[in-house]
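A.B. asks: Questions regarding the structure given below will be posed in turn.
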Amino acid sequence: MKIFIPNSAFLGNINPFLKGFDPKNPEKFEIKANEKWIAIHPVVLAMIAALGLPLKADKVFFEKLTAKSAHYLERMGLFKFLGIDSGIKITEHEPAGRFIPLTQINNSQELSGFITEIIPLLHLNPLQTDAMRYVISELVRNVIEHAASPVGAIVAAQYYPKTNTIRIGIADVGVGIKRTINRSHPAETDLEAIRLALTPGITGTTSREGGTESNAGAGLFFIKSIAKVSRGFFMIYSGDALYKLLKEPSGSGKLKRLFADPFKDKHSIEELLPFWQGTVVGVDISLDDTQEFSSLLDLIREVYSKTVRERKREKYRKPKFI
Amino acid sequence: MISIRLKEKVGSFAENKDVARDIRMNIIIPALEKGEMVTLDFQGIDSATQSFVHALISDLIRKYGGEVIEKISFKSCNEVIRKIITIVIDYMQESSN
C-alpha cells in the first residue's frame, strides 16, 4: 500500500488524497508527505492509522518528514499507532481544548469510557458536547456492531476555535457498507449501498420496516442531518465509492429541508476510487448552529415517518383492473 | 408500578445499547408481563441517542403492539429526549400499522 499526505486534505478537497491511495500489496505500507506543509483533516489520520495498525512496524515505511507542521502528526499520535519513531520531539501538552488524538475503540465498554472520559477533555459547552458525542457514539457503534473490523474503530477529532468547528474522522478496515447492506437489501455497487445506508429505515440487519430490536437504520441519516443543519461537510467512503454532503450556504438562518434520499441533498459522488476495504466517515460540525438540534429532530420526525409510510405503500398489493 | 432510574445505569448520556437491551429484557418486559405499569425516569440524563431509545423500547411496540405505550411513562425528559422518544414511537407505529 502507498499513501501520500498532501499539503492540504480536508473534506472539501479530500478527493485527490483518496485518488492517490494505492491499496495494492497490503503486506507493506509506504507513507510519503508533502515536503513543505501538512494541514489535514482527522479523517486522514484515522485512515492511515487504520491501514498501518495491522502491520508490524518494520513493514511501515514513513519517509522522513520535512514539513514544519509535521509535529501535528506526532501530537495526534500517528507514529505511536504505527509503532515507529518519527524523530520529532515535541513538548506534550494536555490535549484539553483542542483535539482528541487517534484512539482505537474495540467494544461497547471502550466506547462508553471514551465518551465519558475523553470527550470532556475538549471543554466544549454542553450543546457542542451533545453534537460531538452523538456523532461519535452512533458511528463507532456502527463499526462495533456491523464492520467486523480487525482494528475496531479508529477515531480522531480536532476543534478549530477560529471557525468554532469540530472535525471528526472515523475509519475501519472491516467488511464495508456493501456487504453489510447486502445482507438484507440488494445493492449492486458500493455507491448504491452507501445511498441505502444513508436512507432512514434501511438497515443491513433486516428488510423489515422498523428494523430489528437493536437496529433501526437511522444512525447515518441522523448524522448526515446534523452535518447538514450545521452547514458542515459529511463524507462516507467505502469500497470504491465516495458520497460527500456539500456545505449548505451560511447565513440563511433557516433550517434546510431534509431528504430521505441522500442524492437529493447538495452532494458529490465518486466511483472507481482506490478500493477501501472497510468504511471511512468524516464529519464537520459548525458549532454555531448546533442550537438547532432540537428543531432538527422535528424535521427528522417528519421525514422519517413519511419515508416509512411511503415505503410501506410501495409494497401494497395493487388492484388488478381488467 | 415500577420506576427505572436510567441515570444510575447509563450515566448522563444515554447511548449504550447493550445496557438498553438489558433494561428492556430484564426489567421492562418482566414488569409488563406481570401487568405492571412502567416508568422510565430520565432525571439527570442530558441527552440520548436514537439507537439507545430504539434498543430500549422498539421491541416492546413490536411485541405488544402500540397499546404498550399506554403502560409506559417517560419521566423528567428534556426537550431533545422527548423528541427522540417521539421519533422512535412514531416510526415503530408507522412500521407496524
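Naming works like this for the C-alpha cells: A, B, ... for the chains as they're shown, residue 1 at the start of each chain, ligands 1 onward in shown order.
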If we count only C-alpha atoms and set the cut-off at 9 Å, which residues sit around Leu56 of chain B, ignoring sequence neighbours fewer than 3 positions away in its own chain? Please answer as number ranges by chain.

C.D. replies: A: 213-214; B: 17, 19-25, 28, 51-53, 59-60

A.B. asks: Per residue of chain B within 8 Å of chain A, which atom pair is closest and at what distance in Å (one decimal), using only C-alpha atoms, listed by chain and increasing number, as CSV?

C.D. replies:
residue,atom,partner,partner_atom,distance
B:Glu15,CA,A:Ser137,CA,6.8
B:Asn16,CA,A:Ser112,CA,6.9
B:Lys17,CA,A:Ser214,CA,7.4
B:Asp18,CA,A:Ser108,CA,7.7
B:Arg21,CA,A:Ser214,CA,7.8
B:Ser47,CA,A:Asp130,CA,7.0
B:Ala48,CA,A:Tyr134,CA,7.9
B:Thr49,CA,A:Tyr134,CA,6.4
B:Gln50,CA,A:Gly219,CA,7.4
B:Ser51,CA,A:Asn215,CA,7.0
B:His54,CA,A:Ser214,CA,6.6
B:Ala55,CA,A:Ser214,CA,4.7
B:Ser58,CA,A:Glu213,CA,6.2
B:Asp59,CA,A:Glu213,CA,5.0
B:Glu79,CA,A:Ser294,CA,7.1
B:Val80,CA,A:Ser294,CA,5.6
B:Lys83,CA,A:Leu297,CA,6.3
B:Ile84,CA,A:Leu297,CA,7.0
B:Thr86,CA,A:Arg301,CA,7.8
B:Ile87,CA,A:Arg301,CA,5.1
B:Asp90,CA,A:Ser305,CA,6.6
B:Tyr91,CA,A:Ser305,CA,5.4
B:Met92,CA,A:Gly210,CA,5.5
B:Glu94,CA,A:Arg309,CA,6.3
B:Ser95,CA,A:Glu209,CA,5.3
B:Ser96,CA,A:Gly210,CA,7.7

A.B. asks: Okay, now the selection with N, CA and C atoms, as a short mmCIF file (atom, residue, chain, number, x, y, z; two decimals), in the first residue's frame?

C.D. replies:
data_model
loop_
_atom_site.label_atom_id
_atom_site.label_comp_id
_atom_site.auth_asym_id
_atom_site.auth_seq_id
_atom_site.Cartn_x
_atom_site.Cartn_y
_atom_site.Cartn_z
N GLU B 15 -26.44 6.22 25.70
CA GLU B 15 -26.05 5.78 24.35
C GLU B 15 -25.73 4.28 24.29
N ASN B 16 -25.57 3.65 25.44
CA ASN B 16 -25.11 2.27 25.43
C ASN B 16 -26.29 1.31 25.16
N LYS B 17 -26.34 0.79 23.95
CA LYS B 17 -27.46 -0.06 23.54
C LYS B 17 -27.48 -1.39 24.28
N ASP B 18 -26.31 -1.85 24.69
CA ASP B 18 -26.27 -3.12 25.43
C ASP B 18 -27.00 -2.96 26.76
N ARG B 21 -30.71 -2.78 26.14
CA ARG B 21 -31.26 -4.11 25.91
C ARG B 21 -31.46 -4.85 27.24
N SER B 47 -28.90 13.83 27.43
CA SER B 47 -29.22 13.50 26.04
C SER B 47 -29.20 11.99 25.85
N ALA B 48 -29.79 11.58 24.74
CA ALA B 48 -29.83 10.14 24.42
C ALA B 48 -29.70 10.01 22.92
N THR B 49 -29.18 8.88 22.48
CA THR B 49 -29.16 8.66 21.03
C THR B 49 -30.44 7.94 20.60
N GLN B 50 -30.74 8.09 19.35
CA GLN B 50 -31.89 7.38 18.79
C GLN B 50 -31.67 5.87 18.94
N SER B 51 -30.43 5.42 18.76
CA SER B 51 -30.13 3.99 18.87
C SER B 51 -30.44 3.45 20.26
N HIS B 54 -34.21 3.36 20.67
CA HIS B 54 -34.73 2.25 19.84
C HIS B 54 -34.50 0.92 20.56
N ALA B 55 -33.29 0.72 21.07
CA ALA B 55 -32.97 -0.55 21.75
C ALA B 55 -33.79 -0.71 23.03
N SER B 58 -38.27 -0.15 21.14
CA SER B 58 -38.89 -0.52 19.86
C SER B 58 -39.47 -1.94 19.89
N ASP B 59 -38.73 -2.85 20.52
CA ASP B 59 -39.19 -4.24 20.51
C ASP B 59 -40.47 -4.43 21.35
N GLU B 79 -36.32 18.39 26.35
CA GLU B 79 -36.94 18.54 25.03
C GLU B 79 -36.35 17.58 23.99
N VAL B 80 -35.02 17.47 23.99
CA VAL B 80 -34.36 16.61 22.99
C VAL B 80 -34.76 15.15 23.21
N LYS B 83 -38.23 14.43 22.08
CA LYS B 83 -38.36 14.35 20.63
C LYS B 83 -37.80 13.03 20.09
N ILE B 84 -36.70 12.58 20.66
CA ILE B 84 -36.12 11.32 20.18
C ILE B 84 -37.08 10.16 20.49
N THR B 86 -40.27 10.37 20.78
CA THR B 86 -41.43 10.51 19.88
C THR B 86 -41.10 9.99 18.48
N ILE B 87 -39.89 10.28 18.00
CA ILE B 87 -39.49 9.79 16.67
C ILE B 87 -39.55 8.26 16.65
N ASP B 90 -43.12 6.97 16.87
CA ASP B 90 -43.81 7.24 15.60
C ASP B 90 -43.45 6.22 14.53
N TYR B 91 -42.11 6.04 14.32
CA TYR B 91 -41.75 5.16 13.20
C TYR B 91 -42.05 3.70 13.50
N MET B 92 -42.03 3.34 14.77
CA MET B 92 -42.38 1.96 15.08
C MET B 92 -43.87 1.71 14.84
N GLU B 94 -45.73 3.47 12.70
CA GLU B 94 -45.90 3.51 11.25
C GLU B 94 -45.52 2.15 10.64
N SER B 95 -44.45 1.56 11.17
CA SER B 95 -43.95 0.29 10.63
C SER B 95 -44.90 -0.86 10.91
N SER B 96 -45.51 -0.81 12.09
CA SER B 96 -46.32 -1.98 12.47
C SER B 96 -47.78 -1.85 12.05
#

A.B. asks: Can you list, as an MDAnalysis selection string, every residue of segment 73-246 of chain A that DSSP puts in strand (DSSP E)?

C.D. replies: chainID A and resid 99:105 153:160 165:172 234:239 241:245

A.B. asks: List every residue of chain B that DSSP, applied to the backbone of this structure, assigns to alpha helix (DSSP H), and report them as number ranges by chain.

C.D. replies: B: 7-10, 17-23, 29-33, 50-64, 79-96

A.B. asks: Restrict the selected residues to N, CA and C atoms and save them as a short mmCIF file (atom, residue, chain, number, x, y, z; two decimals), in the first residue's frame.

C.D. replies:
data_model
loop_
_atom_site.label_atom_id
_atom_site.label_comp_id
_atom_site.auth_asym_id
_atom_site.auth_seq_id
_atom_site.Cartn_x
_atom_site.Cartn_y
_atom_site.Cartn_z
N LYS B 7 -30.44 7.07 34.86
CA LYS B 7 -29.14 7.72 35.06
C LYS B 7 -28.16 6.77 35.78
N GLU B 8 -28.68 6.02 36.75
CA GLU B 8 -27.81 5.10 37.51
C GLU B 8 -27.20 4.03 36.60
N LYS B 9 -27.89 3.74 35.51
CA LYS B 9 -27.44 2.65 34.65
C LYS B 9 -26.66 3.13 33.43
N VAL B 10 -26.97 4.34 32.96
CA VAL B 10 -26.37 4.77 31.69
C VAL B 10 -25.58 6.07 31.78
N LYS B 17 -26.34 0.79 23.95
CA LYS B 17 -27.46 -0.06 23.54
C LYS B 17 -27.48 -1.39 24.28
N ASP B 18 -26.31 -1.85 24.69
CA ASP B 18 -26.27 -3.12 25.43
C ASP B 18 -27.00 -2.96 26.76
N VAL B 19 -26.77 -1.81 27.39
CA VAL B 19 -27.46 -1.54 28.66
C VAL B 19 -28.96 -1.39 28.41
N ALA B 20 -29.30 -0.70 27.31
CA ALA B 20 -30.72 -0.52 26.97
C ALA B 20 -31.40 -1.88 26.81
N ARG B 21 -30.71 -2.78 26.14
CA ARG B 21 -31.26 -4.11 25.91
C ARG B 21 -31.46 -4.85 27.24
N ASP B 22 -30.45 -4.75 28.11
CA ASP B 22 -30.56 -5.41 29.42
C ASP B 22 -31.75 -4.88 30.20
N ILE B 23 -31.92 -3.56 30.18
CA ILE B 23 -33.05 -2.97 30.92
C ILE B 23 -34.37 -3.48 30.33
N ILE B 29 -39.70 -5.89 30.33
CA ILE B 29 -40.57 -6.98 29.85
C ILE B 29 -41.14 -7.80 31.01
N PRO B 30 -40.32 -8.21 32.00
CA PRO B 30 -40.92 -8.94 33.13
C PRO B 30 -42.01 -8.14 33.83
N ALA B 31 -41.82 -6.83 33.97
CA ALA B 31 -42.84 -6.00 34.64
C ALA B 31 -44.12 -5.97 33.81
N LEU B 32 -43.98 -5.78 32.50
CA LEU B 32 -45.16 -5.74 31.64
C LEU B 32 -45.89 -7.09 31.64
N GLU B 33 -45.09 -8.15 31.66
CA GLU B 33 -45.70 -9.49 31.68
C GLU B 33 -46.54 -9.71 32.94
N GLN B 50 -30.74 8.09 19.35
CA GLN B 50 -31.89 7.38 18.79
C GLN B 50 -31.67 5.87 18.94
N SER B 51 -30.43 5.42 18.76
CA SER B 51 -30.13 3.99 18.87
C SER B 51 -30.44 3.45 20.26
N PHE B 52 -30.11 4.25 21.28
CA PHE B 52 -30.39 3.83 22.66
C PHE B 52 -31.90 3.69 22.87
N VAL B 53 -32.64 4.72 22.47
CA VAL B 53 -34.09 4.69 22.69
C VAL B 53 -34.72 3.56 21.88
N HIS B 54 -34.21 3.36 20.67
CA HIS B 54 -34.73 2.25 19.84
C HIS B 54 -34.50 0.92 20.56
N ALA B 55 -33.29 0.72 21.07
CA ALA B 55 -32.97 -0.55 21.75
C ALA B 55 -33.79 -0.71 23.03
N LEU B 56 -34.18 0.40 23.63
CA LEU B 56 -34.94 0.35 24.88
C LEU B 56 -36.41 -0.01 24.64
N ILE B 57 -37.02 0.59 23.61
CA ILE B 57 -38.49 0.44 23.53
C ILE B 57 -39.06 -0.13 22.23
N SER B 58 -38.27 -0.15 21.14
CA SER B 58 -38.89 -0.52 19.86
C SER B 58 -39.47 -1.94 19.89
N ASP B 59 -38.73 -2.85 20.52
CA ASP B 59 -39.19 -4.24 20.51
C ASP B 59 -40.47 -4.43 21.35
N LEU B 60 -40.67 -3.53 22.29
CA LEU B 60 -41.90 -3.62 23.10
C LEU B 60 -43.11 -3.35 22.22
N ILE B 61 -42.95 -2.34 21.33
CA ILE B 61 -44.07 -1.98 20.44
C ILE B 61 -44.31 -3.11 19.44
N ARG B 62 -43.23 -3.71 18.98
CA ARG B 62 -43.39 -4.81 18.03
C ARG B 62 -44.04 -6.03 18.72
N LYS B 63 -43.61 -6.27 19.95
CA LYS B 63 -44.07 -7.45 20.68
C LYS B 63 -45.52 -7.31 21.18
N TYR B 64 -45.80 -6.12 21.75
CA TYR B 64 -47.12 -5.96 22.41
C TYR B 64 -48.07 -5.05 21.63
N GLU B 79 -36.32 18.39 26.35
CA GLU B 79 -36.94 18.54 25.03
C GLU B 79 -36.35 17.58 23.99
N VAL B 80 -35.02 17.47 23.99
CA VAL B 80 -34.36 16.61 22.99
C VAL B 80 -34.76 15.15 23.21
N ILE B 81 -34.73 14.72 24.46
CA ILE B 81 -35.07 13.32 24.74
C ILE B 81 -36.53 13.04 24.38
N ARG B 82 -37.41 13.99 24.72
CA ARG B 82 -38.83 13.82 24.35
C ARG B 82 -38.97 13.62 22.84
N LYS B 83 -38.23 14.43 22.08
CA LYS B 83 -38.36 14.35 20.63
C LYS B 83 -37.80 13.03 20.09
N ILE B 84 -36.70 12.58 20.66
CA ILE B 84 -36.12 11.32 20.18
C ILE B 84 -37.08 10.16 20.49
N ILE B 85 -37.65 10.17 21.68
CA ILE B 85 -38.62 9.11 22.04
C ILE B 85 -39.81 9.16 21.08
N THR B 86 -40.27 10.37 20.78
CA THR B 86 -41.43 10.51 19.88
C THR B 86 -41.10 9.99 18.48
N ILE B 87 -39.89 10.28 18.00
CA ILE B 87 -39.49 9.79 16.67
C ILE B 87 -39.55 8.26 16.65
N VAL B 88 -38.97 7.63 17.67
CA VAL B 88 -38.92 6.16 17.69
C VAL B 88 -40.33 5.58 17.78
N ILE B 89 -41.15 6.14 18.64
CA ILE B 89 -42.53 5.62 18.79
C ILE B 89 -43.31 5.82 17.49
N ASP B 90 -43.12 6.97 16.87
CA ASP B 90 -43.81 7.24 15.60
C ASP B 90 -43.45 6.22 14.53
N TYR B 91 -42.11 6.04 14.32
CA TYR B 91 -41.75 5.16 13.20
C TYR B 91 -42.05 3.70 13.50
N MET B 92 -42.03 3.34 14.77
CA MET B 92 -42.38 1.96 15.08
C MET B 92 -43.87 1.71 14.84
N GLN B 93 -44.69 2.72 15.16
CA GLN B 93 -46.14 2.55 14.92
C GLN B 93 -46.43 2.57 13.42
N GLU B 94 -45.73 3.47 12.70
CA GLU B 94 -45.90 3.51 11.25
C GLU B 94 -45.52 2.15 10.64
N SER B 95 -44.45 1.56 11.17
CA SER B 95 -43.95 0.29 10.63
C SER B 95 -44.90 -0.86 10.91
N SER B 96 -45.51 -0.81 12.09
CA SER B 96 -46.32 -1.98 12.47
C SER B 96 -47.78 -1.85 12.05
#

A.B. asks: Could you give me, as a PyMOL selection string, the residues within 9 Å of segment 156-159 of chain A, counting only C-alpha atoms and dropping anything in the same chain fewer than 5 positions from it?

C.D. replies: chain A and resi 41-43+45-46+76+97-103+122+164-170

A.B. asks: Please provide as a ChimeraX atom specification all residues within 9 Å of Arg231 of chain A, with the sequence filter that same-chain residues fewer than 5 positions apart are discarded (counting only C-alpha atoms).

C.D. replies: /A:226,246-250,284-286,289

A.B. asks: Just write the chosen residues, N, CA and C atoms, as a short mmCIF file (atom, residue, chain, number, x, y, z; two decimals), in the first residue's frame.

C.D. replies:
data_model
loop_
_atom_site.label_atom_id
_atom_site.label_comp_id
_atom_site.auth_asym_id
_atom_site.auth_seq_id
_atom_site.Cartn_x
_atom_site.Cartn_y
_atom_site.Cartn_z
N ILE A 226 -27.35 16.12 10.99
CA ILE A 226 -26.65 17.03 11.92
C ILE A 226 -25.65 17.87 11.13
N LEU A 246 -22.27 18.26 0.59
CA LEU A 246 -21.56 19.53 0.46
C LEU A 246 -22.15 20.56 1.42
N LYS A 247 -21.37 21.59 1.67
CA LYS A 247 -21.78 22.60 2.65
C LYS A 247 -22.99 23.38 2.18
N GLU A 248 -23.91 23.59 3.09
CA GLU A 248 -25.03 24.47 2.80
C GLU A 248 -24.52 25.91 2.94
N PRO A 249 -25.03 26.83 2.13
CA PRO A 249 -24.58 28.21 2.29
C PRO A 249 -24.97 28.75 3.67
N SER A 250 -24.08 29.50 4.29
CA SER A 250 -24.38 30.00 5.63
C SER A 250 -25.18 31.30 5.52
N ASP A 284 -17.89 17.34 9.62
CA ASP A 284 -17.57 18.66 10.16
C ASP A 284 -18.85 19.23 10.77
N ILE A 285 -18.75 19.68 11.99
CA ILE A 285 -19.94 20.28 12.63
C ILE A 285 -19.57 21.70 13.03
N SER A 286 -20.28 22.63 12.45
CA SER A 286 -20.06 24.03 12.78
C SER A 286 -20.91 24.33 14.00
N ASP A 289 -24.20 26.48 14.98
CA ASP A 289 -25.55 26.11 14.56
C ASP A 289 -26.12 24.92 15.32
#

A.B. asks: Contacts of Lys75 of chain B at 8 Å or less, counting only C-alpha atoms, minus same-chain residues fewer than 5 places along, as an NGL selection string?

C.D. replies: :B and (39-43)

A.B. asks: If you count only C-alpha atoms, which residues fall within 12 Å of Lys34 of chain B, apart from same-chain ones fewer than 6 positions away, as a VMD selection string?

C.D. replies: chain B and resid 1 to 2 27 to 28 71

A.B. asks: Convert the current residue selection to file output with N, CA and C atoms, as an mmCIF file, in the first residue's frame.

C.D. replies:
data_model
loop_
_atom_site.group_PDB
_atom_site.id
_atom_site.type_symbol
_atom_site.label_atom_id
_atom_site.label_comp_id
_atom_site.auth_asym_id
_atom_site.auth_seq_id
_atom_site.Cartn_x
_atom_site.Cartn_y
_atom_site.Cartn_z
ATOM 1 N N MET B 1 -46.609 -0.798 40.062
ATOM 2 C CA MET B 1 -45.863 0.039 39.115
ATOM 3 C C MET B 1 -44.372 0.044 39.463
ATOM 4 N N ILE B 2 -43.532 -0.029 38.448
ATOM 5 C CA ILE B 2 -42.104 0.085 38.754
ATOM 6 C C ILE B 2 -41.527 1.324 38.066
ATOM 7 N N ILE B 27 -35.888 -5.968 33.012
ATOM 8 C CA ILE B 27 -36.746 -5.195 33.919
ATOM 9 C C ILE B 27 -38.095 -4.871 33.270
ATOM 10 N N ILE B 28 -38.049 -4.285 32.060
ATOM 11 C CA ILE B 28 -39.314 -3.788 31.488
ATOM 12 C C ILE B 28 -40.234 -4.951 31.093
ATOM 13 N N LYS B 71 -48.868 1.842 28.737
ATOM 14 C CA LYS B 71 -48.406 1.252 30.006
ATOM 15 C C LYS B 71 -47.025 1.775 30.428
#

A.B. asks: Please measure the separation of atom CA of Trp276 of chain A and atom CA of Ala9 of chain A, giving the value in Å to one decimal.

C.D. replies: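 So the answer is 17.2 Å.
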
A.B. asks: Determine, counting only C-alpha atoms, which protein, DNA and RNA residues have an atom within 6 Å of an atom of segment 12-29 of chain A; residues of the same chain fewer than 4 positions away are not included. Present the result as an MDAnalysis selection string.

C.D. replies: chainID A and resid 1:3 59:60 273
